[in-house]
Structures are given as C-alpha cells and as structure tokens.
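Peer 1: Pasting a structure below so you can have a look.
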Amino acid sequence: MTKKYDTPLLDELEKGPFPSFVTEMKKAAAKNAMAADELGLLEKSFRDKVTYWKHGGIVGVRGYGGGVIGRYSELADEFPNVAHFHTVRVNQPAGLFYTSETMRFFCDLWDKYGSGLTNFHGSTGDIILLGTVTDNLEPLATILSMNGFDLGGSGSAMRTPSCCVGPARCEWSMIDTLDITYDLTQEFQDELHRPAFPYKYKIKVVGCPIDCNAAIARADCSIIGTWKGPIEIDQDRVRDYAKKGMNIQEEIVNLCPGKCITWDGNNLTINNDDCRHCMHCIAKLAGALKPTPPFGATILIGAKAPFVIGATLSWVVVPFMEMKPPYQEIKDLHRKWWEWWSEYGKNRERIGELILRRGMREFLEISELEPAPEMVKEPRRDPFFFWKEGDLEGKPWEKWLK
Amino acid sequence: MPYVIPDVVDVKQRKTDIGPPHYKNFLPPVIQKNYGDWKTHEILTPGLMVHIANSGDKIWTVRVASPRLLSTDTLREIADIADKYCDGYFRFTTRNNLEFLVSDESKVNPLIEELKAKKYMIGGIGPRVSNVVHTQGWIHCHSAAVDASALVKCLLDDLADYFTTKETPNKVRLAVACCTNMCGAVHCSDIAIVGIHTKIPRIEHERFKDLCELPTTMAACPTAAIIPDPAKKSIKLKEEKCMYCGNCFSVCPALPIKDAENDGVAIVVGGKVGNLRTPPKFSKLAVPYLPNNPPRWPEVTKAVRKIFDAYVAGAKKHERVGEWIDRIGWEKFFDVTGIPFTWQHIDDWTYTFETLRTTAQIKWVKK
Ligand code: HEM
Ligand code: HEM
Ligand code: HEM
Ligand code: HEM
Ligand code: SF4
Ligand code: SF4
Ligand code: SF4
Ligand code: SF4
C-alpha cells in the first residue's frame with residue numbers, strides 16, 4: 001500500500017468534462033510510492049501557492065551529457081519518495097505514432113523504474129517519463145537501448161527534432177517531414193547527446209506554411225515546406241463548395257493576401273505569379289485546390305522565447321531549398337552555423353541572439369548565402385550602412401543600369 | 001518487434017547514439033501504403049475525420065482530449081482500445097490530443113461508442129478549441145509561478161462545448177506557460193496565460209558565494225539590474241530596473257523569486273503561427289495580472305471567457321483572434337472586452353518604438 005494523502009483542493013480538479021490530470025496522478029499513486037508523494041506534495045503547493053521543487057541538479061547517464069532533467073524536492077523529509085524525481089526525455093518516433101505493444105513496453109518499464117507518470121509529450125516533442133531516482137537511470141537507459149529507443153536532448157545541445165504529421169496523414173505536406181526529422185536526428189546524435197553549444201538548439205520540420213508544429217515560433221531552425229508550381233484547381237469541386245453554401249468571394253477571394261484570386265460564380269482563377277503561398281485557399285477548399293511541384297522548404301532561423309532580448313520568430317535565410325535525401329545542403333549549413341555559433345556565442349546566447357549581435361551579414365557570409373529580398377519584410381530605413389572592401393568593386397551599378 | 005525488460009540489467013552492454021526507432025515501425029499498413037499520396041480529408045464530426053488517398057484507400061481518425069499527464073494505467077487502457085478497433089495503432093498530436101487511427105470503417109462507430117462510455121472527451125478537429133499546449137508547473141518545475149495542468153483543466157472545462165461541438169470563427173489555440181521561460185508556445189497563441197512574478201528576487205548572500213557565478217548571473221538579466229557587491233562576494237539589485245522575469249533565478253538558485261501572495265498570471269492574446277492569410281504574429285498583453293487562486297483560478301477562467309466570447313461574437317468567419325483584433329483595432333478590443341488599459345500595456349522594454357502609435361488613425365470608442 002502506498003501512502004494516502006488528503007487532497008481536498010486537487011479533488012476539485014476531478015470535476016468537469018475535461019480529462020483530469022489529478023485522476024491520472026491518483027491512479028499512479030494507488031500503486032506507486034513516488035506518485036503518491038508527488039500527489040501529496042502537489043496538494044501542498046496548491047495550499048501554499050508556490051512550487052516546492054529545487055533547482056535541477058546535474059544527473060545523467062554514462063556517455064551522455066543530457067536527456068535527464070535532475071529534480072529534487074525542497075521537502076524531502078516530508079515527502080521522502082520524491083526527494084529525487086528526475087525526468088527522463090526519450091526521443092519520440094517522428095510523427096508521434098505508436099503501437100499498443102510499444103506503449104505497453106513503456107508502461108512496464110516505467111512501472112518498474114519510475115513513478116508511473118508520463119507526459120505524451122513534452123513541448124519539444126520528447127516522451128517525458130516523469131519522476132525517477134538517480135540509481136535507476138543507468139538500467140533505464142540500457143533497457144531503452146536494448147529495445148531500440150534512445151534519450152532525447154537537454155541542456156546546451158541540439159534538442160530532439162520534431163515534426164508535424166506530414167506525409168503520413170496530410171495531403172498538404174510538400175516535404176517528407178518524418179524522414180527529414182529522423183534523418184537529422186540520426187545524423188546529429190553527438191550534438192543531441194553531448195551538450196557542446198553555447199545554449200539549446202531546436203529544429204522543427206513542418207510540411208506546409210500552416211505550420212502545425214509551431215516551427216516558426218519554437219525552433220532555432222524552422223523548416224517549412226512550400227511549393228513553386230501553380231495551384232491546380234478542380235473547378236467542379238470548387239462549385240460543390242459554393243453549392244454547399246460557401247461564399248467563395250468573401251471567404252476565399254477577399255481573404256487572399258496576394259489579391260490574386262477571382263471567382264465569376266462559376267470558375268475560380270488564380271494568378272499564381274502573385275500568390276504568397278499562404279495556404280488559405282488550399283486549406284479552406286480542401287480537395288479542390290492542390291499545390292504542385294517543385295516542392296521544397298523555406299529555411300528560417302532564430303526563433304526563441306523572450307529571454308533575454310525578447311521573443312523572436314524565425315527569419316528567412318534560405319527562401320527555397322530542395323529537400324531530397326540525404327539532405328546534404330541543410331546538414332552542411334548546420335555544421336557551418338554551429339561552428340560559428342560555438343566560436344562567437346556567449347554562454348546561454350541563442351543563435352538568433354548572436355545573429356543580432358554580430359549582424360545578419362556575417363551570418364549569411366559564413367553560410368555562403370547571398371542576400372535576397374525574400375529575407376526581409378522591407379529593406380532598412382536608415383542611411384547608416386557599413387561598406388566592406390570590395391562591395392563597390394567592379395562598379396556593380398553599371399551592370400544593372402544597362 | 002518483441003520488447004524485453006530483463007530482471008538483471010547489464011548496464012555495460014548499453015549501446016549509445018542509436019537514436020529513435022524508425023517511424024515506419026509505428027505506421028498502420030494503410031498509411032505505409034499511401035504515405036505521401038493523400039488526396040484530401042473530410043471532417044465528419046468535431047472528433048472524426050477521414051483521410052482519402054489517391055488510391056481510394058481511407059483512414060479514419062478519432063481525436064480525444066488528453067491531459068498530457070498520463071498514468072501507465074490510462075496508457076494501457078488506450079493500448080487496449082487501440083488493439084480492439086485500430087489494430088493497435090494510434091498517435092498523439094502536437095497539441096497533446098490522442099488520435100485513434102482506424103482502417104476499418106465498420107469499427108469507427110463502435111470505437112466512438114466505447115470512448116463515450118469511458119467518458120473520453122471527443123472533438124478538437126476543425127474551427128474550434130483544441131487542446132491546450134502547456135508546461136510542467138508545480139508538478140515538476142522549480143521555476144513555476146503558477147500551476148499549468150490545473151489552468152488547462154479549468155479552461156477546457158469551461159470551454160468544453162467548443163471542443164466537442166460548437167464552432168468558432170476559426171481555430172482558437174490556447175496555451176499556458178507557468179513562468180516567463182514559456183516552455184509552451186505562449187508567445188504566438190490566440191489566447192495564452194503566462195505565470196508571472198511581481199516582486200524582486202530575494203538575495204541569499206551566503207548561498208550566492210557557493211552556488212552562483214557572478215558573470216553568468218549578471219548576463220542573465222535582461223535589464224542590467226544586477227550589479228556586483230564585492231564586499232559580500234555577492235550581488236546587489238537595482239530594484240527600479242527589475243521586471244521580475246526570474247531569469248536570474250534560472251542560473252542562480254540563491255535568488256529565489258517565488259512569492260505565494262504576489263505571483264499570478266498575465267493573459268496575452270492575438271498570436272498565431274500559421275501563415276494562412278496573414279503572417280505569424282506574436283501575442284500581445286491583454287490582462288497584466290490576475291491572482292493565483294487555486295484550485296480553480298476563477299478570475300482567470302472568467303477573463304479568458306470574456307475575451308473568447310467577444311471574439312466569437314465579433315469576428316468574421318476565418319478570422320483568428322489576432323486578425324479580428326487587427327481589423328477592429330486595439331482601442332476597440334479593450335472597449336468590447338471591458339478590460340482596463342493600464343501602464344503595463346505600454347511597452348517600456350525592447351519594443352517601445354515599434355509599438356507606440358505613429359498615425360492619427362484612431363477609432364473613437366468612448367462616446
Ligand atoms: C530560457 C528559457 C527556459 C528555461 C530556463 C527553461 C527551463 C526549463 C526547465 C527547468 C524545465 C524542467 C521542467 C521540469 O522540471 O520538468 C523545462 C522543461 C521543458 N521546457 Fe523549458 N525552459 C525554457 C524555455 C523553454 C522553451 C522556450 C521551450 C519550448 C519551446 C521549452 C520547452 C520545454 C519542454 C518541452 C520541457 C519539458 C517539459 C514540458 O514539456 O513541459 N522550454 N524547461
Ligand atoms: C522567454 C521566452 C521563452 C523561453 C525562455 C523559452 C524557453 C524554452 C526552453 C528552455 C525550451 C526548451 C525546451 C526543451 O527543453 O526542449 C523551450 C521549448 C519550446 N518553446 Fe520556448 N521559450 C520561450 C518562449 C517561447 C515562445 C514565445 C514560444 C512560442 C511561440 C515558445 C515555444 C516553444 C516551443 C514550441 C517549445 C518546444 C520546443 C520544443 O519542442 O523544442 N517558446 N522554450
Ligand atoms: C485555417 C487554417 C488551418 C487549417 C485548415 C488546418 C488544418 C489542419 C488539419 C487538417 C490538421 C490535421 C492534420 C492531421 O493531423 O492530419 C491540423 C492539425 C493541426 N493544426 Fe492546423 N490547420 C490550420 C491552422 C492551424 C494553425 C494556425 C495552427 C497553429 C497555430 C495549427 C496547428 C495545428 C496543430 C498543432 C495540429 C495538430 C493537431 C492538433 O494539435 O490538434 N493549425 N490542422
Ligand atoms: C541622416 C539623417 C538625416 C539628415 C542628415 C537630414 C537632413 C535634413 C536636412 C538638411 C533637411 C533640410 C532642411 C531644410 O530644408 O533646410 C531636412 C529636412 C527634412 N527632413 Fe531630414 N534628415 C535626415 C533624416 C530624416 C528622417 C529620417 C526624416 C523623417 C523620417 C526626415 C524628415 C525630414 C523632413 C520632413 C524635412 C523637411 C522637409 C521639407 O521641408 O520638405 N529627415 N532633413
Ligand atoms: S503543417 Fe501542413 S503538412 Fe504538416 S500537418 Fe499541418 S497542414 Fe499538414
Ligand atoms: S495560397 Fe494564399 S496567397 Fe496563394 S492564392 Fe491561395 S490564398 Fe492567395
Ligand atoms: S514554463 Fe517555466 S515553470 Fe514552466 S516548465 Fe518551463 S521553466 Fe518550468
Ligand atoms: S528577475 Fe529578471 S529583471 Fe529582475 S534581476 Fe532577475 S533577471 Fe534581472
């Protein structure tokens with residue numbers, strides 16, 4: 001029997017239609033002493049309105065510099081079974097697909113070596129096994145590897161890459177998000193498992209500009225599928241939408257940011273030259289409109305949360321890149337980026353912050369990328385720009401004035 | 001593949017850097033066959049969609065809410081249900097929903113019946129509220145100014161109808177982050193809640209010496225509020241500069257900032273990540289502070305509901321919260337929601353000069 005705590009405050013969170021995390025904790029607490037103390041500790045946090053976790057300590061497994069978040073309770077005397085309550089990050093299968101057999105393996109493993117509590121998934125994408133003790137870490141990692149699983153990233157390392165469901169179940173995916181994620185994860189195992197960067201580095205891959213994995217907001221490198229061919233139109237299906245009550249003029253034509261769609265009540269036309277590739281028309285007229293090749297990805301860099309300079313969204317650095325295995329171009333770029341960042345980056349400085357500090361020009365130059373209008377919302381507004389030796393060599397204006 | 005958990009583990013045998021298993025091992029046969037070859041999909045009900053391949057093959061997806069924090073008991077139950085109706089196949093979404101993948105149409109309705117009987121909350125597909133991206137909170141993090149799972153529970157209890165049945169003008173993406181580290185996608189959500197502090201960190205000079213590095217601690221501060229205190233081998237705080245972000249505590253445990261009475265939450269609105277129609281946007285401050293009031297945070301659910309209802313009433317079809325606000329203007333947003341505009345709403349950090357109004361275009365909302 002595990003210890004039973006009175007939890008009048010948490011009990012309130014078992015009411016209502018949304019599935020209750022408290023019920024989950026109680027299920028685990030009924031058979032696991034760590035989960036029982038976790039529940040008791042949480043009730044105390046609810047009563048006192050503060051967290052009772054200490055700053056993480058450094059714990060890990062042999063050969064790895066990350067994958068485990070050390071966590072210790074401030075109230076180890078009162079709740080001895082959560083004195084240690086470390087999180088193990090397990091690299092998820094790309095696309096977050098599972099079989100029942102795999103899930104039972106995780107259950108057996110975690111009932112034996114942990115609290116029985118999990119997160120499917122952490123916001124980075126990892127499977128989060130919540131709550132174990134230091135002594136269990138080596139056996140856990142060993143059993144995971146025997147069964148084909150490995151730890152995810154943490155600390156100043158490449159974090160576990162993740163993606164949208166992509167070609168596995170989405171008609172709009174213009175790149176193989178699962179394969180790219182798998183391939184990059186395998187390629188960069190060392191960077192994932194042995195923190196050697198100034199700070200964390202995240203890669204997220206999505207199949208189209210709808211961005212179902214929030215790549216543009218949550219990843220230092222956002223890989224967003226897009227297309228260059230015309231949008232193919234099935235006029236009969238468009239008419240079906242109109243018949244079923246869609247106001248094509250208002251809902252499609254007027255909301256197109258390129259102002260490039262017309263509808264005469266019978267036929268839809270798109271001036272593809274002016275399309276901004278936003279996906280609105282394609283998503284709203286599912287099955288009627290279809291992007292066509294060439295397919296590839298827009299590569300953006302720099303998104304991060306507000307610390308220290310304020311939140312950023314990623315910036316376009318490669319407007320269009322073909323994404324064909326073995327994805328050499330993106331791998332080569334990463335190696336250049338990481339080398340530059342490791343050389344100049346300060347401790348806890350994200351790559352986007354370093355770009356701001358040293359300038360986009362330097363970043364593009366070390367990437368061997370040429371400036372392009374697709375990289376900016378608008379050109380600079382001031383007349384204070386740097387010149388480098390050579391910029392005016394060969395009188396560049398003569399060429400375009402011809 | 002058969003999984004093994006030996007009684008005796010030889011940890012020296014561990015292989016390193018094998019990476020995750022290949023995703024193909026987990027894809028249902030119909031997905032393997034039609035991988036990358038889907039034609040279209042239809043949303044049949046708020047919790048059911050069917051994807052149709054160019055080959056004519058179909059796969060049905062039944063989506064249910066998950067609290068993300070799951071016990072092994074529940075995971076086993078999910079596995080059993082998947083065995084019964086889905087040949088064992090299921091997945092999670094990036095917003096923590098659970099999706100059962102059904103290849104045999106005749107099993108769709110029995111699956112839904114069983115899920116209903118077991119009180120699963122079915123829905124979340126299409127223009128409505130989906131699950132809430134969130135963080136660890138008091139369950140597992142030292143940095144948390146508020147709990148996250150509880151806020152998610154309270155919000156979605158209140159908005160349950162909009163997950164299971166009712167529609168909204170477009171998707172409404174909610175997020176909760178329990179501190180300004182914002183491990184969730186708070187800065188770009190339609191409506192998001194972030195845990196905040198309102199008092200400066202306390203300096204434990206004795207512990208500072210042993211636990212913290214001076215340069216790292218100073219560099220962590222976005223406003224340069226931290227200066228050395230050589231006499232104490234510790235630091236001093238320029239109080240007037242501190243905006244209580246807690247980043248110093250992230251690098252230095254001797255600067256605790258948690259505060260039972262004064263911690264609380266802010267609500268930010270109008271962010272989006274998709275490129276549809278308008279470019280991705282950051283969320284902006286709507287409500288600067290509401291108190292921590294566990295277990296159900298009634299002030300927070302009420303405030304979110306005010307914003308949510310104003311959006312549902314005022315937005316045109318396909319407008320996300322941020323697009324709706326852009327159209328009506330912020331003065332009108334504060335007018336229709338009744339939220340007071342305060343000192344805290346005016347940026348005095350890094351974005352002042354981008355956020356002040358530089359036009360005489362103004363809507364008169366107060367007669
Ligand atoms: C500088 C900023 C950040 C700091 C200092 C920070 C710190 C932490 C800490 C201490 C934890 C451990 C929580 C636990 O004990 O389980 C954690 C968990 C996590 N953080 Fe962050 N975090 C930061 C930003 C972010 C951001 C921006 C993201 C996402 C984009 C993120 C994603 C996660 C994820 C996925 C976890 C695992 C648990 C979960 O999913 O909630 N973090 N972070
Ligand atoms: C000050 C602001 C922020 C900080 C300090 C921060 C910090 C972090 C940290 C430390 C992680 C780590 C995760 C991990 O351990 O894998 C993380 C993950 C994440 N953050 Fe933030 N974050 C911030 C803002 C944001 C914002 C504004 C967004 C979204 C719009 C965002 C979206 C994410 C997402 C989606 C993840 C998951 C990432 C992942 O799965 O890798 N974060 N963040
Ligand atoms: C009108 C625009 C949108 C359409 C038509 C659309 C359509 C879809 C579809 C069909 C799916 C299911 C994909 C699948 O798993 O097969 C999906 C999933 C998803 N979408 Fe969107 N989407 C739109 C906008 C957005 C936006 C703006 C976001 C984020 C801010 C977003 C986030 C997600 C996420 C996270 C998922 C994964 C499933 C889930 O979490 O519930 N979507 N979307
Ligand atoms: C390096 C920066 C700048 C310099 C050296 C500069 C210099 C000048 C000079 C010498 C004049 C003429 C005064 C006169 O008529 O005797 C002038 C006028 C003016 N400048 Fe600037 N200026 C600069 C930037 C700007 C900027 C950034 C703006 C606005 C955004 C601006 C707006 C104006 C306006 C509105 C006038 C009056 C023009 C008129 O009479 O039509 N200036 N400036
Ligand atoms: S990002 Fe695009 S390709 Fe990926 S799941 Fe979403 S809609 Fe599909
Ligand atoms: S994808 Fe966007 S910009 Fe292009 S035609 Fe459709 S709505 Fe217009
Ligand atoms: S948002 Fe803050 S408190 Fe919450 S898990 Fe992340 S670091 Fe911890
Ligand atoms: S809480 Fe933030 S602003 Fe205040 S001293 Fe610490 S790092 Fe600086």
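Chain lettering (A, B, ...) mirrors the order of the structure tokens, residue numbering begins at 1 for each chain separately, and ligand numbering begins at 1 in order of display.
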I'd like the contact shell of Ser314 (chain A) - 6 Å cut-off, only C-alpha atoms, skipping same-chain residues fewer than 4 positions apart - returned as a PDB file with N, CA, C and O atoms, in the first residue's frame.

Peer 2:
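What follows is the written file around_1.pdb:
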ATOM      1  N   ILE A 216       7.873  27.953 -36.622  1.00  0.00           N
ATOM      2  CA  ILE A 216       8.387  29.310 -36.782  1.00  0.00           C
ATOM      3  C   ILE A 216       8.547  30.009 -35.437  1.00  0.00           C
ATOM      4  O   ILE A 216       9.317  30.957 -35.303  1.00  0.00           O
ATOM      5  N   LEU A 300      14.236  28.887 -42.042  1.00  0.00           N
ATOM      6  CA  LEU A 300      14.253  30.092 -41.214  1.00  0.00           C
ATOM      7  C   LEU A 300      15.077  29.828 -39.966  1.00  0.00           C
ATOM      8  O   LEU A 300      15.169  28.690 -39.505  1.00  0.00           O
ATOM      9  N   ILE A 301      15.610  30.886 -39.402  1.00  0.00           N
ATOM     10  CA  ILE A 301      16.472  30.684 -38.241  1.00  0.00           C
ATOM     11  C   ILE A 301      16.193  31.716 -37.154  1.00  0.00           C
ATOM     12  O   ILE A 301      15.815  32.850 -37.447  1.00  0.00           O
ATOM     13  N   GLY A 302      16.317  31.280 -35.900  1.00  0.00           N
ATOM     14  CA  GLY A 302      16.398  32.257 -34.817  1.00  0.00           C
ATOM     15  C   GLY A 302      15.265  32.336 -33.817  1.00  0.00           C
ATOM     16  O   GLY A 302      15.352  33.131 -32.892  1.00  0.00           O
ATOM     17  N   ALA A 303      14.187  31.549 -33.944  1.00  0.00           N
ATOM     18  CA  ALA A 303      13.085  31.733 -33.002  1.00  0.00           C
ATOM     19  C   ALA A 303      13.497  31.338 -31.598  1.00  0.00           C
ATOM     20  O   ALA A 303      14.272  30.420 -31.391  1.00  0.00           O
TER      21      ALA A 303
END

Peer 1: Kindly work out which residues sit at most 8 Å from ligand 4, using only C-alpha atoms and all ligand atoms, and give the list as a PyMOL selection string.

Peer 2: chain A and resi 381-384

Peer 1: Would you mind exporting the chosen residues as a compact mmCIF listing (two decimals), in the first residue's frame, restricted to N, CA, C and O atoms?

Peer 2:
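Output file part_34.txt is given in full below:
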# COMPACT_ATOMS: atom_id res chain seq x y z
N ARG A 381 15.66 51.23 -43.09
CA ARG A 381 15.03 52.55 -43.22
C ARG A 381 16.03 53.69 -43.08
O ARG A 381 15.66 54.84 -43.18
N ASP A 382 17.27 53.38 -42.73
CA ASP A 382 18.20 54.45 -42.42
C ASP A 382 19.36 54.45 -43.42
O ASP A 382 19.57 53.48 -44.13
N PRO A 383 20.09 55.53 -43.46
CA PRO A 383 21.21 55.59 -44.39
C PRO A 383 22.55 55.22 -43.77
O PRO A 383 23.59 55.54 -44.34
N PHE A 384 22.51 54.56 -42.63
CA PHE A 384 23.79 54.28 -41.94
C PHE A 384 24.22 52.85 -42.17
O PHE A 384 23.99 52.00 -41.33

Peer 1: Pick out the residues no farther than 8 Å from ligand 1, counting only C-alpha atoms and all ligand atoms, and list them as a ChimeraX atom specification.

Peer 2: /A:53,55-56,69-71,86-87,89,119,121-126,128,130,217-219,304-307 /B:134-137,139-143,180-185,247,250-251

Peer 1: Using DSSP assignments from the backbone, pull out every residue in region 150-314 of chain A that falls under strand (DSSP E) and give it to me as JSON, numbers by chain.

Peer 2: {"A": [162, 163, 203, 204, 205, 206, 221, 222, 223, 224, 225, 226, 227, 232, 233, 261, 262, 263, 268, 269, 270, 289, 290, 295, 296, 297, 298, 299, 300, 301]}

Peer 1: Could those residues be written to a file, using C-alpha atoms, as a PDB file, in the first residue's frame?

Peer 2:
ATOM      1  CA  SER A 162      10.257  17.114 -34.150  1.00  0.00           C
ATOM      2  CA  CYS A 163       7.741  17.489 -36.952  1.00  0.00           C
ATOM      3  CA  ILE A 203      14.927  22.011 -35.170  1.00  0.00           C
ATOM      4  CA  LYS A 204      11.297  21.648 -36.204  1.00  0.00           C
ATOM      5  CA  VAL A 205      10.030  20.459 -39.538  1.00  0.00           C
ATOM      6  CA  VAL A 206       6.555  21.109 -40.959  1.00  0.00           C
ATOM      7  CA  CYS A 221      15.822  26.302 -37.194  1.00  0.00           C
ATOM      8  CA  SER A 222      12.353  26.147 -38.727  1.00  0.00           C
ATOM      9  CA  ILE A 223      11.996  24.045 -41.868  1.00  0.00           C
ATOM     10  CA  ILE A 224       8.693  24.870 -43.532  1.00  0.00           C
ATOM     11  CA  GLY A 225       7.511  23.019 -46.641  1.00  0.00           C
ATOM     12  CA  THR A 226       6.371  25.104 -49.601  1.00  0.00           C
ATOM     13  CA  TRP A 227       5.877  24.932 -53.346  1.00  0.00           C
ATOM     14  CA  GLU A 232      -4.109  23.161 -59.530  1.00  0.00           C
ATOM     15  CA  ILE A 233      -7.855  23.778 -59.495  1.00  0.00           C
ATOM     16  CA  ILE A 261      -7.895  35.027 -56.935  1.00  0.00           C
ATOM     17  CA  THR A 262     -11.041  35.794 -58.911  1.00  0.00           C
ATOM     18  CA  TRP A 263     -14.391  33.997 -58.950  1.00  0.00           C
ATOM     19  CA  LEU A 268     -12.050  30.183 -59.957  1.00  0.00           C
ATOM     20  CA  THR A 269      -8.851  31.625 -61.370  1.00  0.00           C
ATOM     21  CA  ILE A 270      -5.582  32.187 -59.583  1.00  0.00           C
ATOM     22  CA  LEU A 289      -7.089  23.079 -54.830  1.00  0.00           C
ATOM     23  CA  LYS A 290      -3.688  21.471 -54.854  1.00  0.00           C
ATOM     24  CA  PHE A 295       8.332  21.229 -53.742  1.00  0.00           C
ATOM     25  CA  GLY A 296      10.891  22.250 -51.155  1.00  0.00           C
ATOM     26  CA  ALA A 297      11.233  24.168 -47.936  1.00  0.00           C
ATOM     27  CA  THR A 298      11.782  27.657 -46.663  1.00  0.00           C
ATOM     28  CA  ILE A 299      14.564  27.611 -44.053  1.00  0.00           C
ATOM     29  CA  LEU A 300      14.253  30.092 -41.214  1.00  0.00           C
ATOM     30  CA  ILE A 301      16.472  30.684 -38.241  1.00  0.00           C
TER      31      ILE A 301
END

Peer 1: Could you report the residues within 8 Å of ligand 8, using only C-alpha atoms and all ligand atoms, as an NGL selection string?

Peer 2: :B and (200-201 or 217-218 or 220-226 or 237-239 or 241-249 or 255 or 257)

Peer 1: Of the candidates A:Ala157, A:Met323, A:Met1, A:Leu255, which one gets nearest to chain B if we count only C-alpha atoms?

Peer 2: A:Leu255

Peer 1: Could you build a table of the residues in region 278-349 of chain B lying no more than 9 Å from region 265-269 of chain B, giving for each the nearest pair of atoms and their separation in Å rounded to one decimal place, using only C-alpha atoms, ordered by chain and ascending residue number, as a tab-separated table?

Peer 2:
residue	atom	partner	partner_atom	distance
B:Phe282	CA	B:Val269	CA	8.3
B:Ser283	CA	B:Val269	CA	4.8
B:Lys284	CA	B:Val268	CA	5.0
B:Leu285	CA	B:Val268	CA	4.3
B:Ala286	CA	B:Val268	CA	5.2
B:Val287	CA	B:Ile267	CA	4.9
B:Pro288	CA	B:Ala266	CA	4.7
B:Tyr289	CA	B:Ala266	CA	4.8
B:Leu290	CA	B:Val265	CA	5.3
B:Pro291	CA	B:Val265	CA	6.6
B:Asn292	CA	B:Val265	CA	7.0
B:Val300	CA	B:Val265	CA	8.1
B:Ala303	CA	B:Ile267	CA	8.5
B:Val304	CA	B:Ile267	CA	7.8
B:Ile307	CA	B:Val269	CA	8.7
B:Val321	CA	B:Val269	CA	7.3
B:Gly322	CA	B:Val269	CA	7.1

Peer 1: Have a look at B:Ile5, B:Val133, B:Met49, B:Ala82 and name the one nearest to ligand 7; count only C-alpha atoms and all ligand atoms.

Peer 2: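 Of all the options, B:Val133 lies closest to ligand 7.
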
Peer 1: Return as JSON, numbers by chain the full set of residues in region 26-243 of chain B whose backbone-based DSSP assignment is alpha helix (DSSP H).

Peer 2: {"B": [29, 30, 31, 32, 33, 34, 72, 73, 74, 75, 76, 77, 78, 79, 80, 81, 82, 83, 84, 85, 86, 108, 109, 110, 111, 112, 113, 114, 115, 116, 117, 149, 150, 151, 152, 153, 154, 155, 156, 157, 158, 160, 161, 162, 163, 164, 205, 206, 207, 208, 209, 210, 211, 214, 215, 216, 217, 218, 219, 220]}

Peer 1: Can I get the residues close to ligand 5 as a PyMOL selection string, where close means within 8 Å and we count only C-alpha atoms and all ligand atoms?

Peer 2: chain A and resi 163-167+169-175+177+206-213+224-225+283

Peer 1: If we count only C-alpha atoms and set the cut-off at 8 Å, which residues sit around Arg350 (chain A), ignoring sequence neighbours fewer than 6 positions away in its own chain? Please answer as a PDB file with N, CA, C and O atoms, in the first residue's frame.

Peer 2:
ATOM      1  N   PRO A 198      26.724  26.883 -27.132  1.00  0.00           N
ATOM      2  CA  PRO A 198      26.522  27.925 -26.131  1.00  0.00           C
ATOM      3  C   PRO A 198      25.177  27.762 -25.399  1.00  0.00           C
ATOM      4  O   PRO A 198      25.046  28.121 -24.232  1.00  0.00           O
ATOM      5  N   TYR A 199      24.176  27.216 -26.100  1.00  0.00           N
ATOM      6  CA  TYR A 199      22.853  27.077 -25.494  1.00  0.00           C
ATOM      7  C   TYR A 199      22.078  26.061 -26.323  1.00  0.00           C
ATOM      8  O   TYR A 199      22.613  25.430 -27.225  1.00  0.00           O
ATOM      9  N   LYS A 200      20.785  25.923 -26.022  1.00  0.00           N
ATOM     10  CA  LYS A 200      19.998  24.927 -26.746  1.00  0.00           C
ATOM     11  C   LYS A 200      19.809  25.290 -28.221  1.00  0.00           C
ATOM     12  O   LYS A 200      19.899  26.457 -28.608  1.00  0.00           O
ATOM     13  N   TYR A 201      19.524  24.273 -29.019  1.00  0.00           N
ATOM     14  CA  TYR A 201      19.287  24.482 -30.441  1.00  0.00           C
ATOM     15  C   TYR A 201      18.179  23.527 -30.884  1.00  0.00           C
ATOM     16  O   TYR A 201      18.310  22.315 -30.756  1.00  0.00           O
ATOM     17  N   ASP A 220      14.911  27.056 -33.258  1.00  0.00           N
ATOM     18  CA  ASP A 220      16.011  27.878 -33.760  1.00  0.00           C
ATOM     19  C   ASP A 220      16.111  27.727 -35.267  1.00  0.00           C
ATOM     20  O   ASP A 220      16.408  28.678 -35.973  1.00  0.00           O
ATOM     21  N   GLY A 302      16.317  31.280 -35.900  1.00  0.00           N
ATOM     22  CA  GLY A 302      16.398  32.257 -34.817  1.00  0.00           C
ATOM     23  C   GLY A 302      15.265  32.336 -33.817  1.00  0.00           C
ATOM     24  O   GLY A 302      15.352  33.131 -32.892  1.00  0.00           O
ATOM     25  N   LYS A 304      12.980  32.066 -30.640  1.00  0.00           N
ATOM     26  CA  LYS A 304      13.229  31.747 -29.243  1.00  0.00           C
ATOM     27  C   LYS A 304      12.245  32.496 -28.374  1.00  0.00           C
ATOM     28  O   LYS A 304      11.575  33.425 -28.806  1.00  0.00           O
TER      29      LYS A 304
END

Peer 1: At a cut-off of 9 Å and counting only C-alpha atoms and all ligand atoms, what residues surround ligand 6? Please answer as a ChimeraX atom specification.

Peer 2: /A:231,252-261,270-272,274-283,289,291 /B:275-277

Peer 1: If we count only C-alpha atoms, what is near Gly123 (chain B) at a cut-off of 9 Å, once residues fewer than 6 positions away on the same chain are taken out, given as JSON, numbers by chain?

Peer 2: {"B": [45, 46, 47, 48, 62, 63, 64, 65, 129, 130, 162, 163, 164, 165]}

Peer 1: To one decimal place in Å, what is the distance between atom 35 (C, counted along the ligand's line) of ligand 3 and CA of Ile31 (chain B)?

Peer 2: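 According to the coordinates, atom 35 (C, counted along the ligand's line) of ligand 3 and CA of Ile31 (chain B) are separated by 20.0 Å.
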
Peer 1: What are the nearest atom pairs, with distances in Å to one decimal, for all residues of chain B that come at most 8 Å from ligand 3, using only C-alpha atoms and all ligand atoms, set out by chain and rising residue number as a tab-separated table?

Peer 2:
residue	atom	partner	partner_atom_place_in_ligand_line	distance
B:His41	CA	ligand 3	10 (C)	7.3
B:His51	CA	ligand 3	16 (O)	7.7
B:Thr93	CA	ligand 3	38 (C)	4.7
B:Thr94	CA	ligand 3	40 (O)	4.7
B:Arg95	CA	ligand 3	40 (O)	3.7
B:Asn96	CA	ligand 3	40 (O)	6.4
B:Asn97	CA	ligand 3	41 (O)	6.0
B:Gly124	CA	ligand 3	41 (O)	6.3
B:Ile125	CA	ligand 3	41 (O)	6.5
B:Gly126	CA	ligand 3	7 (C)	7.0
B:Pro127	CA	ligand 3	1 (C)	7.7
B:Ser130	CA	ligand 3	41 (O)	5.6
B:Asn131	CA	ligand 3	41 (O)	6.6
B:Asn170	CA	ligand 3	1 (C)	6.8
B:Lys171	CA	ligand 3	24 (C)	6.7
B:Arg173	CA	ligand 3	30 (C)	6.1
B:Cys188	CA	ligand 3	30 (C)	7.4
B:Ser189	CA	ligand 3	30 (C)	6.5
B:Asp190	CA	ligand 3	30 (C)	7.9
B:Lys272	CA	ligand 3	30 (C)	5.0
B:Val273	CA	ligand 3	30 (C)	4.5
B:Gly274	CA	ligand 3	27 (C)	4.0
B:Asn275	CA	ligand 3	27 (C)	7.2
B:Leu276	CA	ligand 3	2 (C)	6.2
B:His318	CA	ligand 3	1 (C)	7.0
